[in-house]
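Text of start07.txt (compact mmCIF, C-alpha atoms) as supplied:
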```txt
# COMPACT_ATOMS: atom_id res chain seq x y z
CA MET A 1 105.10 65.03 0.11
CA PHE A 2 105.94 61.36 0.52
CA PHE A 3 103.43 58.91 1.97
CA PRO A 4 103.90 55.15 2.38
CA MET A 5 102.05 53.19 -0.27
CA PHE A 6 99.63 51.60 2.22
CA LEU A 7 98.14 55.04 2.87
CA TRP A 8 96.90 55.06 -0.71
CA TYR A 9 95.23 51.67 -0.27
CA ASP A 10 93.63 51.41 3.13
CA PRO A 11 91.76 48.13 3.71
CA THR A 12 90.46 49.48 7.04
CA PHE A 13 88.51 52.24 5.33
CA TYR A 14 85.39 50.11 5.77
CA LEU A 15 85.45 51.18 9.43
CA VAL A 16 84.99 54.78 8.27
CA ILE A 17 82.09 53.70 6.09
CA ILE A 18 80.44 51.87 8.99
CA GLY A 19 80.84 54.94 11.20
CA LEU A 20 79.36 57.17 8.50
CA VAL A 21 76.34 54.88 8.12
CA ILE A 22 75.79 54.83 11.89
CA SER A 23 75.98 58.63 12.10
CA LEU A 24 73.64 59.17 9.16
CA ALA A 25 71.15 56.65 10.52
CA ALA A 26 71.11 58.30 13.96
CA SER A 27 70.80 61.77 12.47
CA GLY A 28 67.99 60.68 10.18
CA TYR A 29 66.15 58.99 13.03
CA VAL A 30 66.30 61.98 15.38
CA ASN A 31 65.23 64.37 12.62
CA SER A 32 62.29 62.22 11.54
CA THR A 33 61.20 61.64 15.15
CA PHE A 34 61.41 65.33 15.98
CA ARG A 35 59.47 66.28 12.83
CA LYS A 36 56.77 63.74 13.69
CA TYR A 37 56.13 65.03 17.18
CA ASP A 38 56.76 68.64 16.20
CA GLN A 39 53.48 68.33 14.35
CA VAL A 40 51.67 67.46 17.58
CA PRO A 41 50.57 70.63 19.42
CA SER A 42 50.62 70.36 23.20
CA ARG A 43 47.28 70.62 24.94
CA SER A 44 48.67 73.24 27.30
CA GLY A 45 49.59 75.47 24.37
CA VAL A 46 52.81 76.71 25.97
CA SER A 47 55.88 77.37 23.86
CA GLY A 48 59.32 75.89 24.36
CA THR A 49 60.46 79.18 25.89
CA ASP A 50 57.51 79.31 28.28
CA ALA A 51 58.07 75.70 29.28
CA ALA A 52 61.76 76.37 29.97
CA ALA A 53 60.91 79.41 32.09
CA TYR A 54 58.38 77.40 34.10
CA ILE A 55 60.80 74.52 34.69
CA LEU A 56 63.69 76.77 35.73
CA GLN A 57 61.48 78.69 38.15
CA SER A 58 60.06 75.47 39.59
CA ALA A 59 63.60 74.16 40.12
CA GLY A 60 64.61 77.33 41.94
CA ILE A 61 67.01 78.38 39.19
CA HIS A 62 66.96 82.17 38.81
CA ASP A 63 70.39 82.93 37.36
CA VAL A 64 69.94 81.31 33.94
CA GLN A 65 68.96 83.45 30.97
CA ILE A 66 66.82 81.91 28.21
CA ARG A 67 67.91 82.99 24.74
CA GLU A 68 66.69 82.24 21.23
CA VAL A 69 69.40 81.21 18.77
CA SER A 70 69.36 80.55 15.06
CA GLY A 71 69.35 77.11 13.52
CA ASN A 72 67.38 73.91 13.87
CA LEU A 73 67.94 71.66 16.89
CA THR A 74 70.89 73.81 17.97
CA ASP A 75 69.58 73.89 21.53
CA ASN A 76 72.15 73.85 24.32
CA TYR A 77 72.86 74.88 27.88
CA ASN A 78 76.03 76.89 28.56
CA SER A 79 77.18 76.52 32.14
CA GLN A 80 79.90 79.15 31.67
CA ASP A 81 77.63 82.12 31.01
CA LYS A 82 74.47 80.56 32.51
CA THR A 83 72.42 80.69 29.31
CA LEU A 84 69.84 78.23 28.06
CA ASN A 85 69.88 78.61 24.28
CA LEU A 86 66.82 77.43 22.38
CA SER A 87 66.72 77.21 18.60
CA GLN A 88 63.89 78.96 16.80
CA SER A 89 62.21 75.62 16.07
CA THR A 90 62.08 74.99 19.81
CA ALA A 91 61.66 78.44 21.36
CA ARG A 92 58.56 79.49 19.42
CA SER A 93 56.86 76.14 18.92
CA THR A 94 54.08 74.82 21.14
CA SER A 95 54.62 71.24 20.00
CA VAL A 96 55.23 68.26 22.26
CA ALA A 97 58.69 67.84 20.71
CA ALA A 98 59.68 71.45 21.38
CA ILE A 99 58.65 71.27 25.02
CA GLY A 100 60.58 68.00 25.39
CA VAL A 101 63.76 69.49 23.95
CA ALA A 102 63.43 72.60 26.13
CA ALA A 103 62.94 70.40 29.19
CA HIS A 104 66.06 68.41 28.30
CA GLU A 105 68.17 71.56 28.24
CA CYS A 106 66.64 72.56 31.56
CA GLY A 107 67.79 69.17 32.79
CA HIS A 108 71.35 70.32 32.14
CA ALA A 109 70.69 73.50 34.11
CA VAL A 110 69.49 71.38 37.02
CA GLN A 111 72.64 69.25 36.72
CA ASP A 112 74.69 72.40 36.94
CA LYS A 113 72.81 73.57 40.02
CA VAL A 114 73.32 70.27 41.89
CA ARG A 115 76.91 69.98 40.62
CA TYR A 116 76.29 66.69 38.85
CA ALA A 117 79.74 65.03 38.81
CA PRO A 118 79.79 63.68 35.22
CA MET A 119 78.82 67.12 33.92
CA ASN A 120 81.69 68.74 35.80
CA LEU A 121 84.05 66.06 34.52
CA ARG A 122 82.92 66.65 30.95
CA ALA A 123 83.49 70.39 31.31
CA GLY A 124 87.01 69.72 32.51
CA LEU A 125 87.70 67.43 29.57
CA VAL A 126 86.61 69.94 26.90
CA PRO A 127 90.04 71.60 26.33
CA VAL A 128 91.84 68.24 26.41
CA ALA A 129 89.38 66.70 23.94
CA ASN A 130 89.54 69.70 21.60
CA LEU A 131 93.33 69.70 21.62
CA GLY A 132 93.47 65.96 21.11
CA SER A 133 91.06 65.91 18.18
CA THR A 134 92.94 68.78 16.52
CA LEU A 135 96.50 67.53 16.94
CA SER A 136 96.15 63.73 16.92
CA LEU A 137 96.23 63.11 13.16
CA PRO A 138 99.02 65.64 12.42
CA ILE A 139 101.16 64.05 15.16
CA ILE A 140 100.51 60.54 13.78
CA PHE A 141 101.39 61.54 10.23
CA VAL A 142 104.57 63.28 11.37
CA GLY A 143 105.50 60.06 13.13
CA VAL A 144 104.85 58.10 9.92
CA ILE A 145 106.92 60.49 7.81
CA LEU A 146 109.79 60.23 10.29
CA GLY A 147 110.07 56.51 9.70
CA MET A 148 107.24 55.14 11.83
CA ASN A 149 108.39 56.89 14.99
CA HIS A 150 106.54 54.93 17.65
CA THR A 151 106.73 57.65 20.30
CA LEU A 152 105.00 60.25 18.14
CA ILE A 153 102.44 57.76 16.87
CA SER A 154 101.59 56.69 20.41
CA ILE A 155 101.16 60.31 21.47
CA GLY A 156 98.86 60.84 18.50
CA LEU A 157 96.78 57.78 19.33
CA TRP A 158 96.39 58.82 22.96
CA ALA A 159 95.43 62.32 21.85
CA PHE A 160 92.70 60.86 19.63
CA ALA A 161 91.57 58.64 22.50
CA ALA A 162 90.95 61.80 24.56
CA ALA A 163 88.13 62.71 22.16
CA LEU A 164 86.59 59.27 22.66
CA ILE A 165 86.84 59.57 26.45
CA PHE A 166 85.05 62.91 26.26
CA GLN A 167 82.21 61.39 24.24
CA LEU A 168 81.90 58.46 26.63
CA VAL A 169 81.62 60.85 29.57
CA THR A 170 79.00 62.80 27.61
CA LEU A 171 76.67 59.78 27.46
CA PRO A 172 75.62 59.68 31.15
CA VAL A 173 75.29 63.48 31.12
CA GLU A 174 72.83 63.41 28.23
CA PHE A 175 70.85 60.40 29.43
CA ASN A 176 70.58 61.87 32.92
CA ALA A 177 69.35 65.22 31.53
CA SER A 178 66.65 63.36 29.60
CA ARG A 179 65.58 61.41 32.70
CA ARG A 180 65.36 64.66 34.65
CA ALA A 181 63.31 66.21 31.84
CA VAL A 182 60.83 63.34 31.78
CA ALA A 183 60.49 63.40 35.58
CA ILE A 184 59.88 67.15 35.58
CA LEU A 185 57.31 66.99 32.79
CA SER A 186 55.52 64.04 34.38
CA SER A 187 54.85 66.07 37.52
CA SER A 188 54.05 69.36 35.79
CA PRO A 189 50.94 70.77 34.10
CA LEU A 190 52.88 71.33 30.89
CA LEU A 191 52.13 67.93 29.34
CA SER A 192 49.66 65.12 29.91
CA GLY A 193 50.68 61.49 30.36
CA ASP A 194 50.38 60.45 26.72
CA GLU A 195 52.33 63.55 25.65
CA VAL A 196 55.17 62.64 28.04
CA VAL A 197 55.36 59.25 26.28
CA MET A 198 55.92 61.14 23.02
CA VAL A 199 58.65 63.21 24.64
CA LYS A 200 60.42 60.04 25.74
CA LYS A 201 60.60 58.94 22.10
CA VAL A 202 62.01 62.29 21.02
CA LEU A 203 64.66 62.33 23.74
CA PHE A 204 65.59 58.69 23.12
CA ALA A 205 66.16 59.47 19.45
CA ALA A 206 68.30 62.46 20.42
CA ALA A 207 70.34 60.34 22.82
CA LEU A 208 71.13 57.89 20.03
CA THR A 209 73.06 60.62 18.22
CA TYR A 210 75.51 60.76 21.13
CA VAL A 211 75.82 56.98 21.14
CA ALA A 212 76.44 57.08 17.38
CA ALA A 213 79.12 59.75 17.80
CA ALA A 214 80.93 57.65 20.41
CA LEU A 215 80.75 54.53 18.22
CA THR A 216 82.01 56.45 15.20
CA THR A 217 84.96 57.86 17.13
CA PHE A 218 85.74 54.39 18.51
CA LEU A 219 85.80 52.94 14.99
CA GLN A 220 88.11 55.72 13.85
CA LEU A 221 90.44 55.07 16.78
CA LEU A 222 90.36 51.34 16.06
CA ARG A 223 91.31 52.05 12.45
CA LEU A 224 94.26 54.19 13.51
CA ILE A 225 95.44 51.51 15.93
CA ILE A 226 95.22 48.84 13.21
CA LEU A 227 97.12 51.02 10.77
CA PHE A 228 99.79 52.39 13.06
CA GLY A 229 99.61 50.81 16.51
CA GLY A 230 101.43 47.65 15.52
CA ASN A 231 104.26 49.42 13.72
CA ARG A 232 106.88 49.66 16.42
CA ASP A 233 110.53 50.53 16.30
CA ASN A 234 113.15 51.55 18.77
CA ASN A 235 112.85 55.29 18.28
```
Now, as a test, write the supplied structure out as structure tokens.
Amino acid sequence: MFFPMFLWYDPTFYLVIIGLVISLAASGYVNSTFRKYDQVPSRSGVSGTDAAAYILQSAGIHDVQIREVSGNLTDNYNSQDKTLNLSQSTARSTSVAAIGVAAHECGHAVQDKVRYAPMNLRAGLVPVANLGSTLSLPIIFVGVILGMNHTLISIGLWAFAAALIFQLVTLPVEFNASRRAVAILSSSPLLSGDEVVMVKKVLFAAALTYVAAALTTFLQLLRLIILFGGNRDNN
């Protein structure tokens, strides 16, 4: 298969390296922060599962099932089947970190209950973002092979931009869920004041991973625009 020579030597590859460093730094920070506060047992002695059940009941949410899933920090809330999925490291642990993570996922359940607009928007963008991230690069490369076809390249760039838009919309959703979690824990018997401060550090570290993902995707999009966005023809 033929590729233009500049694809073999890409001076913009440093943008990929920067994105990789940002992602690794954020991942390392959240893992180290979680491990630190996962070693701190809560004074209440409740597990992540028990904390989630208490929060959901207190919020008047009775249609969400709490499930334990495999993995580490694979916690998530699924609004489609109304399940709050806690990883083993969260569900069974009585640590401050585990309770904080469980509360964050409950924050998403509360968002779902009150129909938090950014969350609904993100849900609507999921199929568009998935399609865009899957097809963007193939479309761009087809455009390159066909003699720098600007129409195809532009479609590919916009498709890739859909993934970035999705990640940008994700940011307020995640930050809001963390704020809800902190507010809930601050007014509950689950954690004391100094333990809530620890939770804030855990959730802030987790939020940085979403910021890092958005920055990384932006750098990748910028790289594609530099490489292909300025190559226009009359096709």
- Near Phe160 in chain A, within 6 Å and counting only C-alpha atoms, which residues show up once chain neighbours fewer than 4 positions away are dropped, as a list in words?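 Listed by chain and then number, they are Gly132, Ser133 and Ser136 of chain A.
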Skipping near chain neighbours, those fewer than 5 positions away, what residues fall within 10 Å of Pro118 in chain A using all atoms listed in the file, listed as a CSV table (one decimal) with C-alpha atoms, keeping the file's coordinate frame?
```csv
chain,number,residue,atom,x,y,z
A,111,GLN,CA,72.6,69.2,36.7
A,123,ALA,CA,83.5,70.4,31.3
A,124,GLY,CA,87.0,69.7,32.5
A,169,VAL,CA,81.6,60.8,29.6
A,170,THR,CA,79.0,62.8,27.6
A,171,LEU,CA,76.7,59.8,27.5
A,172,PRO,CA,75.6,59.7,31.2
A,173,VAL,CA,75.3,63.5,31.1
A,174,GLU,CA,72.8,63.4,28.2
A,176,ASN,CA,70.6,61.9,32.9
```
- Query: Could you pull the residues within 10 Å of Gly28 in chain A, counting only C-alpha atoms, minus those fewer than 5 positions along the same chain, as a ChimeraX atom specification?
  - Reply: /A:22-23,33-34,205,209
- Would you work out the distance separating CA of Ala207 in chain A from CA of Met119 in chain A, expressed in Å to one decimal?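 Taking CA of Ala207 in chain A and CA of Met119 in chain A, their separation equals 15.5 Å.
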- Message: Report, in Å to a single decimal, how far apart CA of Phe228 in chain A and CA of Ile153 in chain A are.
- Response: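 About the pair CA of Ile153 in chain A and CA of Phe228 in chain A: they are 7.1 Å apart.
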- Message: Set the distance at 10 Å and use all atoms listed in the file: which residues neighbour Ser186 in chain A once local chain neighbours fewer than 5 positions away are removed? I'd like the list as number ranges by chain.
- Response: A: 180-181, 191-197
- Query: If you count all atoms listed in the file, which residues fall within 7 Å of Glu68 in chain A, apart from same-chain ones fewer than 4 positions away, as a ChimeraX atom specification?
  - Reply: /A:85-88,91
- Item | For CA of Ser42 in chain A and CA of His62 in chain A, the interatomic separation in Å (one decimal) |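 Between CA of Ser42 in chain A and CA of His62 in chain A the gap works out to 25.5 Å.
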- Item | Shortest interatomic distance to Pro189 in chain A - which of A:Ala163, A:Ile139, A:Ile55, A:Val40, counting all atoms listed in the file |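 The answer is A:Ile55, which sits nearest to Pro189 in chain A.
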- Query: Nearest to Asp63 in chain A: which of A:Ile99, A:Ala51, A:Leu208, A:Val110 is it, counting all atoms listed in the file?
  - Reply: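 Selected residue with least distance to Asp63 in chain A: A:Val110.
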- Task: Determine the nearest neighbour of Asn72 in chain A from the options A:Val114, A:Leu137, A:Leu185, A:Ala98, counting only C-alpha atoms.
- Result: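 Looking only at the distances to Asn72 in chain A, the closest residue turns out to be A:Ala98.
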- Message: My list of candidates is A:Arg115, A:Lys82, A:Arg92, A:His150. Which is closest to Thr49 in chain A when distances are computed with only C-alpha atoms?
- Response: A:Arg92
- Query: Which residue gives the smallest distance to Leu164 in chain A among A:Ala214, A:Asn149, A:Asp112, A:Leu125, with only C-alpha atoms counted?
  - Reply: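 So, comparing all the options, the nearest one is A:Ala214.
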- Message: Using all atoms listed in the file, can you tell me which of A:Gln167, A:Gln39, A:Ser47, A:Asn78 comes closest to Thr217 in chain A?
- Response: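 Between A:Gln167, A:Gln39, A:Ser47, A:Asn78, the residue approaching Thr217 in chain A most closely is A:Gln167.
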Complete the atom set of range 98-109 of chain A to all heavy atoms and return it as a short mmCIF file (atom, residue, chain, number, x, y, z; two decimals), keeping the file's coordinate frame.
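Output file out13.cif follows:
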```cif
data_model
loop_
_atom_site.label_atom_id
_atom_site.label_comp_id
_atom_site.auth_asym_id
_atom_site.auth_seq_id
_atom_site.Cartn_x
_atom_site.Cartn_y
_atom_site.Cartn_z
N ALA A 98 58.98 70.24 20.95
CA ALA A 98 59.68 71.45 21.38
C ALA A 98 59.76 71.54 22.90
O ALA A 98 60.80 71.88 23.47
CB ALA A 98 58.98 72.68 20.81
N ILE A 99 58.66 71.23 23.56
CA ILE A 99 58.65 71.27 25.02
C ILE A 99 59.61 70.22 25.59
O ILE A 99 60.31 70.47 26.58
CB ILE A 99 57.22 71.04 25.55
CG1 ILE A 99 56.33 72.23 25.16
CG2 ILE A 99 57.21 70.85 27.06
CD1 ILE A 99 54.88 72.07 25.52
N GLY A 100 59.67 69.05 24.95
CA GLY A 100 60.58 68.00 25.39
C GLY A 100 62.03 68.42 25.27
O GLY A 100 62.84 68.20 26.20
N VAL A 101 62.38 69.03 24.15
CA VAL A 101 63.76 69.49 23.95
C VAL A 101 64.11 70.59 24.95
O VAL A 101 65.21 70.60 25.53
CB VAL A 101 63.96 69.99 22.50
CG1 VAL A 101 65.32 70.67 22.34
CG2 VAL A 101 63.83 68.84 21.52
N ALA A 102 63.19 71.53 25.17
CA ALA A 102 63.43 72.60 26.13
C ALA A 102 63.62 72.02 27.53
O ALA A 102 64.50 72.46 28.29
CB ALA A 102 62.26 73.59 26.11
N ALA A 103 62.82 71.03 27.87
CA ALA A 103 62.94 70.40 29.19
C ALA A 103 64.28 69.69 29.34
O ALA A 103 64.89 69.69 30.42
CB ALA A 103 61.79 69.41 29.39
N HIS A 104 64.76 69.08 28.26
CA HIS A 104 66.06 68.41 28.30
C HIS A 104 67.17 69.41 28.62
O HIS A 104 68.05 69.12 29.45
CB HIS A 104 66.33 67.74 26.96
CG HIS A 104 67.71 67.15 26.85
ND1 HIS A 104 68.03 65.89 27.30
CD2 HIS A 104 68.87 67.67 26.35
CE1 HIS A 104 69.31 65.65 27.08
NE2 HIS A 104 69.85 66.72 26.51
N GLU A 105 67.14 70.56 27.97
CA GLU A 105 68.17 71.56 28.24
C GLU A 105 68.05 72.09 29.66
O GLU A 105 69.05 72.39 30.31
CB GLU A 105 68.06 72.71 27.23
CG GLU A 105 68.29 72.29 25.78
CD GLU A 105 69.57 71.52 25.57
OE1 GLU A 105 70.56 71.77 26.30
OE2 GLU A 105 69.59 70.64 24.68
N CYS A 106 66.82 72.18 30.16
CA CYS A 106 66.64 72.56 31.56
C CYS A 106 67.23 71.49 32.48
O CYS A 106 67.72 71.80 33.57
CB CYS A 106 65.15 72.75 31.86
SG CYS A 106 64.42 74.22 31.12
N GLY A 107 67.17 70.25 32.02
CA GLY A 107 67.79 69.17 32.79
C GLY A 107 69.27 69.42 33.01
O GLY A 107 69.82 69.12 34.08
N HIS A 108 69.94 69.98 31.99
CA HIS A 108 71.35 70.32 32.14
C HIS A 108 71.53 71.45 33.15
O HIS A 108 72.51 71.47 33.91
CB HIS A 108 71.94 70.74 30.78
CG HIS A 108 72.15 69.61 29.84
ND1 HIS A 108 72.84 68.47 30.19
CD2 HIS A 108 71.76 69.43 28.55
CE1 HIS A 108 72.88 67.64 29.15
NE2 HIS A 108 72.22 68.20 28.16
N ALA A 109 70.61 72.40 33.15
CA ALA A 109 70.69 73.50 34.11
C ALA A 109 70.54 72.97 35.54
O ALA A 109 71.23 73.43 36.46
CB ALA A 109 69.62 74.55 33.81
#
```
